[in-house]
Every structure is written in C-alpha cells, then in structure tokens.
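Structure first, then comments.
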Amino acid sequence: MAQPPIHQRRFTDGEVREILKRAADDDSPGALPTSGGLSLVELKAIGKEVGIDPARLEDAARAVAQNQEPGFNPIVGIPTVLRYERVVDGELDVALMAPILSIIRRVMGHHGEVSEVSGSLEWRTKGGSVQRLVSVSSNVGRTTIEGSANLRQATVGTYLSGGLFAITIATIGVAASPSVVGLVLSAGFLATAYVGLRAILKRVLRSESAKLERAVNELAELTSGPSE
C-alpha cells in the first residue's frame, strides 16, 4: 500500500526520536512524551524549540519515511524503490509545462516519455534497468510533485550476472582445492563478491536518489512561485 504524502503522515514515537536525532546530528534532544504520533508541522514546532533548522528536520523526516517504504529490500539491505514527494500551494500553470519538462530532463539526464492529462504532466523512462517517473499535478489549490525510481530490475540483473560469475569462480576454486581451506576461501570469495555487488547498487541508489530529490525540489520551487 502506498505511503501517505510526507505532509500528511503521522510519525510514531520511535520515528520522531530518529528524525530528531538525524536532524540534530546528535543524540535525541531530551525525553519526549508518549503521543499518538506527530505530524511534520508538529515536528517542526518541536525542532524550533530546540534550535533545529526546519529544512534539516524535513530532510530527516523524509529519510526516515523512505526507510519505511515497501521498496526497502531486506536481502540486499537497500531500498529498491525510491519515492520523493512535495506538496506546494497553488495550481499548476500550463505555461510552466515547458520549464517543468526542461528541469526534469536536465536533472534526470534522460529524454524520457511525456504525457499531459487535464493540466497534469507525467514523465517516465522505460526499457532500462531503472524505471523512473516524475509527475506534477494540481488539486484543490495545491500542486503535488512526485518522483520515483524502481531499481528492482537493476538489482536482479546485478546479482544475477555478478552472482553467477562469483559462483562459477568459487566452484572452480573448490574443484581445484577440494579441502576445508578451499571451501573457506571460496566462501570468503562469495561473501566479498556479495559486498562488492551491494556497493555497486548503493552507488546507483545514491545517484538516483540525489537526482530524484533535486528534481522534486526544483519543481517545487518553480511551481510554488515566489511566495514559497
């Protein structure tokens, strides 16, 4: 099930502590009373009282929310689906469609496919190892900017090709040295290969995450106008 937008979420006590810890770049500031959850607005109010920059706190909230997304893969230890969202005041101006598309293509680094429906814009890439989607739509005086990337195919391809190669080498090693030492060395090689493949995926993840977040933030600034 899709997670609610960051501005509509209520964070649990544990999430609140983690958010404050990340935003303050230190231990959680003091003990917090048990509650029925806190919204982002309430979190910012608490952060203001203890001197935490609201922007840092919102970034921390997004990071914590991201790790709770269904896209987090416990096997590889990283998310395989990334999502970013911002909601700003104001309706989408059709005159901004060209600048919006220009920002998306420049930041994401792909031409992509574009569709426009009832004043909403949707951009996506297909056919590669990473599927990307950025959409901008308005409803009741507010504009929602969403960005997502699906790395599941990239994950499967990386582990399938790299894993088969590692298993082949390990099998050859065991055949060449059918002993306890050979088994230990082969197991160690497989473990090292897993760590290496995970590092490759983490680099891809960081790159895609940075581009998505930058695109969503730039689009939010563009569509919200000078008053945001």
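Ordering of the structure tokens sets the chain letters (A, B, ...), residue numbers begin anew at 1 in every chain, and ligands are numbered from 1 in the order given.
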- Query: Got a sec: who's within 6 Å of stretch 60-63 of chain A, counting only C-alpha atoms, leaving out chain neighbours fewer than 2 positions off, as number ranges by chain?
  - Reply: A: 19, 22-23, 57-58, 65-66
- Task: Find, counting only C-alpha atoms, the residue in A:Asp89, A:Glu18, A:Glu221, A:Glu213 that gets nearest to A:Val134.
- Result: A:Glu213
- Message: Quick one: residues within 7 Å of stretch 96-108 of chain A, only C-alpha atoms, excluding same-chain residues fewer than 4 positions away - as number ranges by chain?
- Response: A: 211, 215, 219
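Atom CA of A:Thr223 is positioned 13.2 Å from atom CA of A:Asn139.
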- Could you check how far atom CA of A:Arg83 sits from atom CA of A:Ala24, in Å to one decimal? 23.6 Å
- Separation of atom CA of A:Lys44 from atom CA of A:Asp59 in Å: 11.2 Å
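Considering only stretch 98-150 of chain A, backbone DSSP assigns strand (DSSP E) to Glu113, Val114, Ser115, Glu116, Val117, Ser120, Leu121, Glu122, Trp123, Arg124, Thr125, Gln131, Arg132, Leu133, Val134, Ser135, Val136, Ser137, Ser138, Asn139, Arg142, Thr143, Thr144, Ile145, Glu146, Gly147, Ser148, Ala149 and Asn150 of chain A.
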For A:Glu208, work out the shell of residues within 9 Å, counting only C-alpha atoms and skipping chain neighbours fewer than 4 positions away, then give it as a PDB file with N, CA and C atoms, in the first residue's frame.
ATOM      1  N   LEU A  82      12.498   3.938  -4.840  1.00  0.00           N
ATOM      2  CA  LEU A  82      12.666   5.249  -4.224  1.00  0.00           C
ATOM      3  C   LEU A  82      11.455   6.117  -4.510  1.00  0.00           C
ATOM      4  N   MET A 108      17.426  14.655 -14.452  1.00  0.00           N
ATOM      5  CA  MET A 108      17.414  13.195 -14.519  1.00  0.00           C
ATOM      6  C   MET A 108      18.372  12.656 -15.568  1.00  0.00           C
ATOM      7  N   VAL A 130      16.645   0.784 -14.759  1.00  0.00           N
ATOM      8  CA  VAL A 130      15.983   1.609 -13.753  1.00  0.00           C
ATOM      9  C   VAL A 130      14.792   2.314 -14.397  1.00  0.00           C
ATOM     10  N   ARG A 132      11.999   5.186 -14.116  1.00  0.00           N
ATOM     11  CA  ARG A 132      11.846   6.453 -13.400  1.00  0.00           C
ATOM     12  C   ARG A 132      10.514   7.105 -13.766  1.00  0.00           C
ATOM     13  N   ALA A 149      11.721   5.953  -8.497  1.00  0.00           N
ATOM     14  CA  ALA A 149      12.627   5.146  -9.309  1.00  0.00           C
ATOM     15  C   ALA A 149      12.542   3.701  -8.827  1.00  0.00           C
ATOM     16  N   ARG A 203      25.834   2.707  -5.018  1.00  0.00           N
ATOM     17  CA  ARG A 203      26.242   3.875  -5.804  1.00  0.00           C
ATOM     18  C   ARG A 203      25.130   4.293  -6.764  1.00  0.00           C
ATOM     19  N   VAL A 204      24.500   3.295  -7.392  1.00  0.00           N
ATOM     20  CA  VAL A 204      23.373   3.585  -8.281  1.00  0.00           C
ATOM     21  C   VAL A 204      22.230   4.211  -7.485  1.00  0.00           C
ATOM     22  N   LEU A 212      16.471  12.382  -8.071  1.00  0.00           N
ATOM     23  CA  LEU A 212      15.046  12.489  -7.797  1.00  0.00           C
ATOM     24  C   LEU A 212      14.743  13.624  -6.825  1.00  0.00           C
ATOM     25  N   GLU A 213      15.512  13.662  -5.744  1.00  0.00           N
ATOM     26  CA  GLU A 213      15.274  14.695  -4.727  1.00  0.00           C
ATOM     27  C   GLU A 213      15.511  16.090  -5.308  1.00  0.00           C
TER      28      GLU A 213
END
- Contacts of A:Glu113 at 12 Å or less, counting only C-alpha atoms, minus same-chain residues fewer than 3 places along, as a ChimeraX atom specification? /A:101,104-105,110,116,121-127,131-135
